[in-house]
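Reproduced below: target-v7.txt, with compact mmCIF, C-alpha atoms and all ligand atoms.
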```txt
# COMPACT_ATOMS: atom_id res chain seq x y z
CA GLY F 1 13.54 183.26 -52.76
CA LYS F 2 12.36 181.47 -55.86
CA SER F 3 10.62 178.70 -53.87
CA GLY F 4 12.19 175.97 -55.99
CA TYR F 5 11.45 177.59 -59.37
CA ASP F 6 14.36 178.26 -61.73
CA HIS F 7 13.32 181.87 -62.17
CA PHE F 8 11.20 184.48 -60.43
CA MET F 9 9.21 184.81 -63.65
CA LEU F 10 8.07 181.19 -63.48
CA LYS F 11 7.33 181.51 -59.78
CA GLU F 12 5.25 184.62 -60.44
CA ILE F 13 3.39 182.96 -63.32
CA HIS F 14 2.48 180.19 -60.90
CA GLU F 15 1.39 182.66 -58.22
CA GLN F 16 -1.49 183.90 -60.37
CA PRO F 17 -4.28 181.85 -58.80
CA ARG F 18 -3.31 183.33 -55.44
CA SER F 19 -2.75 186.89 -56.64
CA LEU F 20 -6.11 186.89 -58.44
CA ARG F 21 -7.86 185.62 -55.29
CA GLN F 22 -6.15 188.39 -53.39
CA CYS F 23 -7.45 190.96 -55.89
CA LEU F 24 -10.99 189.66 -55.46
CA ARG F 25 -10.96 189.25 -51.69
CA GLY F 26 -13.74 191.15 -49.95
CA ARG F 27 -14.63 193.08 -53.07
CA VAL F 28 -17.47 191.09 -54.64
CA SER F 29 -20.68 190.22 -52.86
CA GLU F 30 -21.97 186.82 -53.98
CA LEU F 31 -25.33 187.73 -52.49
CA ASP F 32 -26.36 190.79 -54.45
CA GLY F 33 -23.58 191.20 -57.01
CA THR F 34 -22.30 194.49 -55.68
CA VAL F 35 -18.62 195.23 -56.22
CA ASP F 36 -17.04 197.50 -53.62
CA LEU F 37 -13.56 198.83 -54.28
CA ASP F 38 -13.22 201.78 -51.93
CA VAL F 39 -13.00 204.10 -54.89
CA ASP F 40 -15.73 206.47 -55.86
CA VAL F 41 -15.99 206.88 -59.63
CA ASP F 42 -18.90 207.33 -61.99
CA PRO F 43 -17.24 208.50 -65.18
CA ASP F 44 -18.89 209.72 -68.38
CA GLY F 45 -15.73 208.67 -70.15
CA VAL F 46 -12.34 207.22 -69.41
CA GLN F 47 -8.81 207.87 -70.68
CA PHE F 48 -6.09 205.39 -69.80
CA VAL F 49 -2.40 206.26 -69.74
CA ALA F 50 0.17 203.49 -69.36
CA CYS F 51 3.32 201.89 -70.82
CA GLY F 52 4.31 198.41 -71.96
CA THR F 53 2.43 195.57 -70.35
CA SER F 54 0.33 198.02 -68.35
CA TYR F 55 -0.71 199.64 -71.64
CA HIS F 56 -1.91 196.24 -72.84
CA ALA F 57 -3.97 195.88 -69.66
CA ALA F 58 -5.33 199.37 -70.36
CA LEU F 59 -6.37 198.27 -73.87
CA CYS F 60 -8.29 195.43 -72.21
CA GLY F 61 -9.81 198.11 -69.97
CA VAL F 62 -11.02 199.99 -73.06
CA SER F 63 -12.93 196.92 -74.27
CA LEU F 64 -14.35 196.32 -70.79
CA PHE F 65 -15.64 199.89 -70.48
CA HIS F 66 -17.04 199.79 -74.01
CA GLU F 67 -18.97 196.60 -73.18
CA ALA F 68 -20.54 198.60 -70.35
CA GLY F 69 -21.43 201.45 -72.71
CA ILE F 70 -18.82 203.88 -71.34
CA PRO F 71 -16.54 205.64 -73.85
CA ALA F 72 -12.89 204.84 -73.23
CA GLN F 73 -9.51 205.35 -74.90
CA ALA F 74 -6.02 204.15 -74.06
CA PHE F 75 -2.91 206.25 -74.68
CA LEU F 76 0.73 205.33 -74.53
CA ALA F 77 1.83 207.52 -71.66
CA SER F 78 4.92 208.67 -73.56
CA GLU F 79 2.71 210.04 -76.35
CA TYR F 80 -0.04 211.54 -74.21
CA ALA F 81 1.70 214.80 -73.46
CA THR F 82 2.79 215.24 -77.08
CA SER F 83 -0.77 215.59 -78.26
CA PRO F 84 -2.99 215.77 -75.20
CA PRO F 85 -6.67 215.03 -75.85
CA PRO F 86 -9.39 217.19 -74.31
CA VAL F 87 -10.40 215.68 -70.97
CA ASP F 88 -13.78 217.31 -70.35
CA GLY F 89 -15.40 215.16 -67.69
CA ASP F 90 -13.24 212.14 -68.42
CA LEU F 91 -11.63 210.20 -65.61
CA VAL F 92 -7.94 209.69 -66.39
CA ILE F 93 -6.67 206.32 -65.16
CA GLY F 94 -2.96 205.65 -64.84
CA VAL F 95 -2.24 201.93 -64.97
CA THR F 96 1.22 201.21 -63.55
CA GLN F 97 2.48 198.20 -61.64
CA SER F 98 5.36 200.01 -59.96
CA GLY F 99 3.64 203.35 -59.61
CA GLU F 100 6.98 204.96 -60.48
CA THR F 101 7.08 204.97 -64.29
CA ALA F 102 8.14 208.48 -65.33
CA ASP F 103 6.17 208.54 -68.58
CA THR F 104 2.97 207.54 -66.80
CA LEU F 105 3.48 210.02 -63.98
CA SER F 106 4.03 212.90 -66.38
CA ALA F 107 0.99 211.98 -68.48
CA LEU F 108 -1.10 212.02 -65.30
CA ARG F 109 0.36 215.41 -64.32
CA GLU F 110 -0.59 216.73 -67.75
CA ALA F 111 -4.13 215.41 -67.28
CA LYS F 112 -4.31 217.08 -63.87
CA ARG F 113 -3.15 220.40 -65.32
CA ARG F 114 -6.09 220.11 -67.67
CA GLY F 115 -8.46 219.65 -64.77
CA ALA F 116 -9.04 215.90 -64.97
CA GLU F 117 -9.88 213.67 -62.04
CA THR F 118 -7.23 210.96 -61.79
CA LEU F 119 -7.25 207.36 -60.61
CA ALA F 120 -4.17 205.20 -60.07
CA VAL F 121 -4.37 201.45 -60.68
CA THR F 122 -1.18 200.13 -59.12
CA ASN F 123 0.45 197.30 -57.21
CA VAL F 124 2.62 199.32 -54.87
CA VAL F 125 1.22 200.88 -51.72
CA GLY F 126 2.65 204.34 -51.12
CA SER F 127 4.06 204.63 -54.67
CA SER F 128 4.40 208.03 -56.32
CA VAL F 129 1.34 207.44 -58.48
CA SER F 130 -0.83 206.69 -55.46
CA ARG F 131 0.36 209.90 -53.79
CA GLU F 132 -0.28 212.04 -56.84
CA CYS F 133 -3.65 210.73 -58.02
CA ASP F 134 -7.00 211.64 -56.49
CA GLN F 135 -7.82 207.99 -55.82
CA THR F 136 -6.07 204.61 -55.96
CA LEU F 137 -7.23 201.11 -56.78
CA TYR F 138 -4.72 198.49 -55.64
CA ILE F 139 -4.34 195.33 -57.69
CA ARG F 140 -2.84 193.40 -54.71
CA ALA F 141 -0.67 191.08 -56.80
CA GLY F 142 2.16 191.03 -54.26
CA PRO F 143 5.79 191.88 -55.09
CA GLU F 144 6.93 191.10 -58.64
CA ILE F 145 10.69 190.59 -58.97
CA GLY F 146 11.03 189.41 -62.57
CA VAL F 147 11.44 192.29 -65.01
CA ALA F 148 8.79 190.69 -67.21
CA ALA F 149 5.37 191.61 -65.85
CA THR F 150 3.20 188.50 -65.53
CA LYS F 151 0.97 188.17 -62.49
CA THR F 152 0.53 191.93 -62.39
CA PHE F 153 -0.95 191.95 -65.91
CA SER F 154 -3.69 189.50 -64.97
CA SER F 155 -4.42 191.39 -61.78
CA GLN F 156 -4.57 194.69 -63.66
CA VAL F 157 -7.12 193.27 -66.10
CA LEU F 158 -9.13 191.80 -63.23
CA ALA F 159 -9.02 195.07 -61.29
CA LEU F 160 -10.28 196.96 -64.36
CA ALA F 161 -13.08 194.42 -64.83
CA LEU F 162 -14.02 194.97 -61.18
CA LEU F 163 -13.91 198.72 -61.67
CA VAL F 164 -16.47 198.43 -64.47
CA LEU F 165 -18.63 196.09 -62.39
CA SER F 166 -18.48 198.46 -59.42
CA GLY F 167 -20.48 200.87 -61.57
CA THR F 168 -22.84 198.47 -63.30
CA GLY F 169 -23.23 195.76 -60.65
CA ALA F 170 -22.26 192.15 -61.35
CA SER F 171 -24.76 189.66 -62.75
CA ARG F 172 -24.87 186.10 -61.39
CA GLN F 173 -22.88 185.05 -64.43
CA ASP F 174 -20.26 187.73 -63.76
CA VAL F 175 -19.89 186.63 -60.16
CA ALA F 176 -19.50 183.00 -61.27
CA ALA F 177 -16.86 183.92 -63.86
CA LEU F 178 -14.89 185.87 -61.25
CA ARG F 179 -15.18 183.11 -58.68
CA ASP F 180 -13.99 180.47 -61.18
CA LEU F 181 -11.07 182.50 -62.53
CA PRO F 182 -8.34 181.51 -60.03
CA GLY F 183 -9.20 177.80 -60.36
CA ASN F 184 -9.26 178.06 -64.15
CA VAL F 185 -5.82 179.67 -64.13
CA GLN F 186 -4.61 176.82 -61.91
CA GLN F 187 -5.95 174.34 -64.45
CA VAL F 188 -4.02 176.07 -67.25
CA LEU F 189 -0.84 175.97 -65.14
CA ASP F 190 -1.31 172.28 -64.31
CA GLU F 191 -2.09 171.13 -67.83
CA SER F 192 -0.18 173.45 -70.14
CA ASN F 193 1.79 171.96 -73.04
CA ALA F 194 3.52 175.31 -73.67
CA GLU F 195 6.97 173.80 -73.17
CA ASP F 196 6.43 171.27 -75.99
CA ILE F 197 5.26 174.03 -78.28
CA ALA F 198 8.21 176.25 -77.44
CA ARG F 199 10.48 173.33 -78.27
CA ALA F 200 8.65 172.56 -81.52
CA TYR F 201 9.21 176.09 -82.81
CA ASP F 202 12.66 176.82 -81.38
CA GLY F 203 14.80 178.41 -84.11
CA SER F 204 11.96 179.97 -86.12
CA ASP F 205 12.56 183.21 -88.05
CA ALA F 206 9.93 185.17 -86.11
CA TYR F 207 6.86 184.64 -83.95
CA PHE F 208 3.52 186.33 -84.60
CA PHE F 209 0.52 186.67 -82.34
CA ILE F 210 -3.02 187.57 -83.41
CA GLY F 211 -6.38 188.10 -81.74
CA ARG F 212 -9.44 190.37 -81.74
CA GLY F 213 -11.47 192.07 -79.06
CA LEU F 214 -9.90 191.38 -75.69
CA GLN F 215 -7.62 188.85 -77.34
CA TYR F 216 -6.03 191.65 -79.39
CA PRO F 217 -4.21 193.20 -76.40
CA VAL F 218 -3.42 189.63 -75.33
CA SER F 219 -1.67 189.10 -78.67
CA LEU F 220 0.34 192.31 -78.15
CA GLU F 221 1.24 191.16 -74.66
CA GLY F 222 2.14 187.65 -75.85
CA ALA F 223 4.57 189.16 -78.35
CA LEU F 224 6.05 191.65 -75.87
CA LYS F 225 6.73 188.89 -73.35
CA PHE F 226 8.23 186.68 -76.04
CA LYS F 227 10.61 189.29 -77.45
CA GLU F 228 11.75 190.79 -74.16
CA ILE F 229 12.94 187.54 -72.63
CA SER F 230 13.88 185.43 -75.69
CA TYR F 231 15.38 188.28 -77.80
CA GLU F 232 13.65 186.70 -80.80
CA HIS F 233 11.56 188.77 -83.18
CA ALA F 234 7.94 188.66 -82.07
CA GLU F 235 5.01 190.87 -83.08
CA GLY F 236 1.38 191.05 -82.13
CA PHE F 237 -1.33 192.15 -84.55
CA ALA F 238 -5.05 192.68 -84.54
CA ALA F 239 -6.18 189.58 -86.43
CA GLY F 240 -8.02 191.66 -89.01
CA GLU F 241 -4.94 193.77 -89.78
CA LEU F 242 -2.82 190.86 -91.01
CA LYS F 243 -4.07 191.15 -94.55
CA HIS F 244 -3.29 194.87 -94.58
CA GLY F 245 0.47 194.31 -94.56
CA PRO F 246 1.94 191.93 -92.00
CA LEU F 247 0.79 188.89 -93.99
CA ALA F 248 3.78 189.58 -96.25
CA LEU F 249 6.04 188.47 -93.38
CA VAL F 250 4.30 185.14 -92.91
CA THR F 251 6.20 182.06 -94.12
CA GLU F 252 6.53 178.38 -93.22
CA ASN F 253 9.14 179.48 -90.70
CA THR F 254 7.05 182.01 -88.76
CA PRO F 255 4.66 180.34 -86.35
CA VAL F 256 1.46 182.30 -85.75
CA PHE F 257 -0.22 182.09 -82.35
CA ALA F 258 -3.95 182.88 -82.53
CA ALA F 259 -6.03 183.38 -79.38
CA VAL F 260 -9.58 182.34 -80.30
CA THR F 261 -12.05 181.72 -77.50
CA GLY F 262 -15.84 181.58 -77.46
CA ASP F 263 -18.05 180.95 -80.45
CA ASP F 264 -19.31 184.30 -81.60
CA LEU F 265 -18.84 186.39 -84.72
CA LEU F 266 -15.53 187.61 -83.29
CA ALA F 267 -14.18 184.06 -83.02
CA ARG F 268 -15.44 183.15 -86.48
CA LYS F 269 -13.71 186.16 -88.01
CA THR F 270 -10.43 185.29 -86.31
CA ILE F 271 -10.74 181.73 -87.60
CA GLY F 272 -11.02 183.29 -91.07
CA ASN F 273 -7.70 185.03 -90.40
CA VAL F 274 -6.19 181.76 -89.18
CA LYS F 275 -7.13 180.19 -92.52
CA GLU F 276 -5.34 183.02 -94.38
CA VAL F 277 -2.19 182.20 -92.43
CA GLU F 278 -2.55 178.47 -92.91
CA ALA F 279 -2.87 179.00 -96.66
CA ARG F 280 0.61 180.60 -96.55
CA ASP F 281 1.95 177.42 -94.92
CA ALA F 282 2.72 179.09 -91.61
CA PRO F 283 2.56 176.83 -88.58
CA VAL F 284 -0.50 177.76 -86.53
CA VAL F 285 -0.89 177.45 -82.76
CA VAL F 286 -4.34 178.25 -81.46
CA VAL F 287 -5.14 179.13 -77.89
CA THR F 288 -8.74 178.01 -77.56
CA ASP F 289 -11.42 176.90 -75.13
CA GLY F 290 -12.78 174.43 -77.68
CA GLN F 291 -16.06 176.31 -78.11
CA ASN F 292 -15.18 176.98 -81.76
CA ASP F 293 -13.50 174.87 -84.43
CA ALA F 294 -10.21 176.83 -84.56
CA ALA F 295 -8.29 173.69 -83.59
CA ARG F 296 -9.16 172.18 -86.98
CA TYR F 297 -6.84 174.66 -88.67
CA ALA F 298 -4.02 174.38 -86.13
CA ASP F 299 -0.78 172.44 -85.92
CA HIS F 300 -0.83 172.77 -82.13
CA VAL F 301 -3.43 173.69 -79.55
CA LEU F 302 -3.02 175.44 -76.19
CA GLU F 303 -6.20 174.74 -74.26
CA VAL F 304 -7.95 176.99 -71.79
CA PRO F 305 -11.09 176.15 -69.78
CA VAL F 306 -14.41 177.56 -70.97
CA SER F 307 -15.19 180.89 -69.29
CA ASP F 308 -16.59 184.27 -70.29
CA ASP F 309 -14.81 186.58 -72.73
CA ARG F 310 -13.20 188.71 -70.02
CA THR F 311 -11.67 185.89 -68.07
CA ALA F 312 -10.81 184.01 -71.29
CA ALA F 313 -8.37 186.80 -72.15
CA ILE F 314 -6.54 186.32 -68.85
CA LEU F 315 -6.44 182.53 -69.34
CA ALA F 316 -5.13 182.76 -72.91
CA ASN F 317 -2.47 185.18 -71.72
CA VAL F 318 -1.23 182.70 -69.11
CA GLN F 319 -0.60 180.17 -71.89
CA LEU F 320 1.37 182.78 -73.85
CA GLN F 321 3.38 183.70 -70.74
CA LEU F 322 4.39 180.03 -70.47
CA VAL F 323 5.30 179.82 -74.17
CA ALA F 324 7.55 182.89 -73.83
CA TYR F 325 9.12 181.57 -70.66
CA HIS F 326 9.94 178.15 -72.11
CA ALA F 327 11.22 179.61 -75.41
CA ALA F 328 13.60 181.86 -73.45
CA ALA F 329 14.63 179.01 -71.12
CA LEU F 330 15.57 176.84 -74.14
CA LEU F 331 17.78 179.68 -75.34
CA ASP F 332 19.25 180.02 -71.86
CA ARG F 333 18.43 183.71 -71.66
CA SER F 334 18.70 185.91 -68.60
CA ILE F 335 14.98 185.60 -67.97
CA ASP F 336 14.57 187.59 -64.78
CA LYS F 337 16.83 190.43 -65.94
CA PRO F 338 16.73 190.70 -69.73
CA ARG F 339 19.47 192.76 -71.34
CA ASN F 340 18.89 196.52 -71.59
CA LEU F 341 15.72 196.47 -69.49
CA ALA F 342 14.82 197.70 -66.00
CA LYS F 343 11.90 196.73 -63.80
CA SER F 344 10.85 200.27 -63.28
CA VAL F 345 11.63 202.95 -65.83
CA THR F 346 12.06 206.23 -64.02
CA VAL F 347 13.28 208.33 -66.96
CA GLU F 348 11.20 209.75 -69.83
O1 LIG E 401 5.50 199.72 -63.57
P1 LIG E 401 4.73 199.94 -64.85
O2 LIG E 401 3.57 199.03 -64.97
O3 LIG E 401 4.35 201.36 -65.05
O4 LIG E 401 5.76 199.57 -65.99
C1 LIG E 401 5.44 199.82 -67.34
C2 LIG E 401 6.31 199.00 -68.25
O5 LIG E 401 7.68 199.41 -68.13
C3 LIG E 401 6.21 197.51 -67.94
O6 LIG E 401 4.89 197.08 -68.00
C4 LIG E 401 7.05 196.67 -68.92
O7 LIG E 401 6.53 196.79 -70.21
C5 LIG E 401 7.03 195.23 -68.46
N1 LIG E 401 7.95 195.02 -67.37
C6 LIG E 401 7.33 194.27 -69.56
O8 LIG E 401 7.21 192.96 -69.12
```
Spit out the file's structure as structure tokens when you get a sec.
Amino acid sequence: GKSGYDHFMLKEIHEQPRSLRQCLRGRVSELDGTVDLDVDVDPDGVQFVACGTSYHAALCGVSLFHEAGIPAQAFLASEYATSPPPVDGDLVIGVTQSGETADTLSALREAKRRGAETLAVTNVVGSSVSRECDQTLYIRAGPEIGVAATKTFSSQVLALALLVLSGTGASRQDVAALRDLPGNVQQVLDESNAEDIARAYDGSDAYFFIGRGLQYPVSLEGALKFKEISYEHAEGFAAGELKHGPLALVTENTPVFAAVTGDDLLARKTIGNVKEVEARDAPVVVVTDGQNDAARYADHVLEVPVSDDRTAAILANVQLQLVAYHAAALLDRSIDKPRNLAKSVTVE
């Protein structure tokens, strides 16, 4: 059942501290920083294939592998077969919650035909993807009933971060960030003002989401969640791309959500983009850990605890999940079963 929540989606959003703990359990040694996942990979390069929310997790995976110095690319599974890239020596990773998505399965089959080693990152034990790939990494999020993927996104990103660390080893700081993640998510859940913000912007013309680095896929995911359950127009953009076109859409009736954590060059550049939006009189909501001064340019702030850049992306995403949920609840939408959508898409 829904354990007292109005919707499975809200229940699953609230399950994230537990599902993340489950993903970590027994995999990270606090003593020497080794990460053991029962998969044996040492790739020269990585290609991800995935759809929808899982594709956004794969884009996070690209950044995570790049940080470790390993070349990586993410492909929409439905496009992969149309123009298949050479695989030479690359590990092809299919990211799929259900393990049954037709587009993802056929992209992986194409990769196999080309001689690639394949790895499944999935939630479902015994799923088609786990049977067809050479190896499987389980995200252990537990069953997800809501059509909107929530807890499985955060567990996918965490599993990909662990996959990188299984090759490089985890520093003391990495281990601390991983250990603190479930508690930090709990803090976001306990203290979020997402409902007030959803109410403040109910009835807007459109909703935009921006971010860079790991917060770029988070902005895509924030928009996907928002549109699929509220049926309102929502789009995510790389913060730096706004000025190359989308800025023309920005008005005083299009709130812009900017995920800006940390205090590095990345954050400062995104704050520059926030100022561009503010100058067009758009309402600005920043998701921030307070390490930068983004809040100065914002009408509303969604706070996340201070953490490292990898876990900050997961935390910011939880806030955007809650915004989408509350916006859709205000509109009385069919949140767990949005119109025209299925939990697992088994046709190409
Ligand atoms: O089961 P998969 O992860 O392969 O599903 C892929 C997409 O259909 C899925 O992530 C979809 O975008 C989400 N349910 C949207 O919330």
Cut-off 6 Å, only C-alpha atoms and all ligand atoms, neighbours of ligand LIG 401 (chain E) as a list in words: Cys51, Gly52, Thr53, Ser54, Thr96, Gln97, Ser98, Gly99, Thr101, Val147, Ala148, Ala149, Lys225, Lys343, Ser344 and Val345 of chain F
Expected answer as a ChimeraX atom specification: all residues with atoms within 12 Å of (-4.6, 208.6, -55.6), all atoms listed in the file: /F:38-40,92-95,99,105,108,112,117-122,124-138
Gap from CA of Ala295 in chain F to CA of Val185 in chain F - Å, one decimal: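 Calculated distance between CA of Ala295 in chain F and CA of Val185 in chain F is 20.5 Å.
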Counting only C-alpha atoms, the residue of F:Gly203, F:Gly45, F:Pro338, F:Gly211 that sits nearest Gly240 in chain F: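 Checking each of F:Gly203, F:Gly45, F:Pro338, F:Gly211 against Gly240 in chain F, counting only C-alpha atoms, the winner is F:Gly211.
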Separation of CA of Asp103 in chain F from CA of Phe75 in chain F in Å: 11.2 Å
Shell around Gln186 in chain F at 10 Å using only C-alpha atoms, local window under 4 positions removed, as a VMD selection string: chain F and resid 14 to 18 181 to 182 190 to 192 315 318
Selected residue, from F:Ser204, F:Ser230, F:Thr270, F:Ser307, that lies nearest to Gln291 in chain F when counting all atoms listed in the file: F:Ser307
Computed interatomic separation between CA of Asp42 in chain F and CA of Gln215 in chain F (Å):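 CA of Asp42 in chain F sits 26.5 Å away from CA of Gln215 in chain F.
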F:Leu64, F:Val287, F:Pro71, F:Ala107 ranked by distance to Val49 in chain F, top pick (using only C-alpha atoms):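 Ranking F:Leu64, F:Val287, F:Pro71, F:Ala107 by distance to Val49 in chain F, first place goes to F:Ala107.
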Residue with smallest distance to Ile314 in chain F - pool F:Val46, F:Val62, F:Leu178, F:Leu224, counting only C-alpha atoms: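 Answer, going by the shortest atom-to-atom distance: F:Leu178.
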For range 156-169 of chain F: contacts at 7 Å, all atoms listed in the file, fewer than 2 positions along chain excluded, given as a list in words: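 Counting only the stated atoms, we get Cys23, Gly33, Thr34, Val35, Asp36, Asp42, Ala57, Cys60, Gly61, Leu64, Phe65, Ile139, Thr152, Phe153, Ser154 and Ser171 of chain F.
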For Tyr207 in chain F: contacts at 7 Å, only C-alpha atoms, fewer than 6 positions along chain excluded, given as a ChimeraX atom specification: /F:233-235,254-256
Pick from F:Asp293, F:Asp309, F:Glu232, F:Asp180, whichever lies nearest to Arg212 in chain F using all atoms listed in the file: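 Distance minimum relative to Arg212 in chain F lands on F:Asp309.
Shortest atom-to-atom contact with Lys227 in chain F among F:His56, F:Arg339, F:Arg280, F:His66: F:Arg339, counting all atoms listed in the file.
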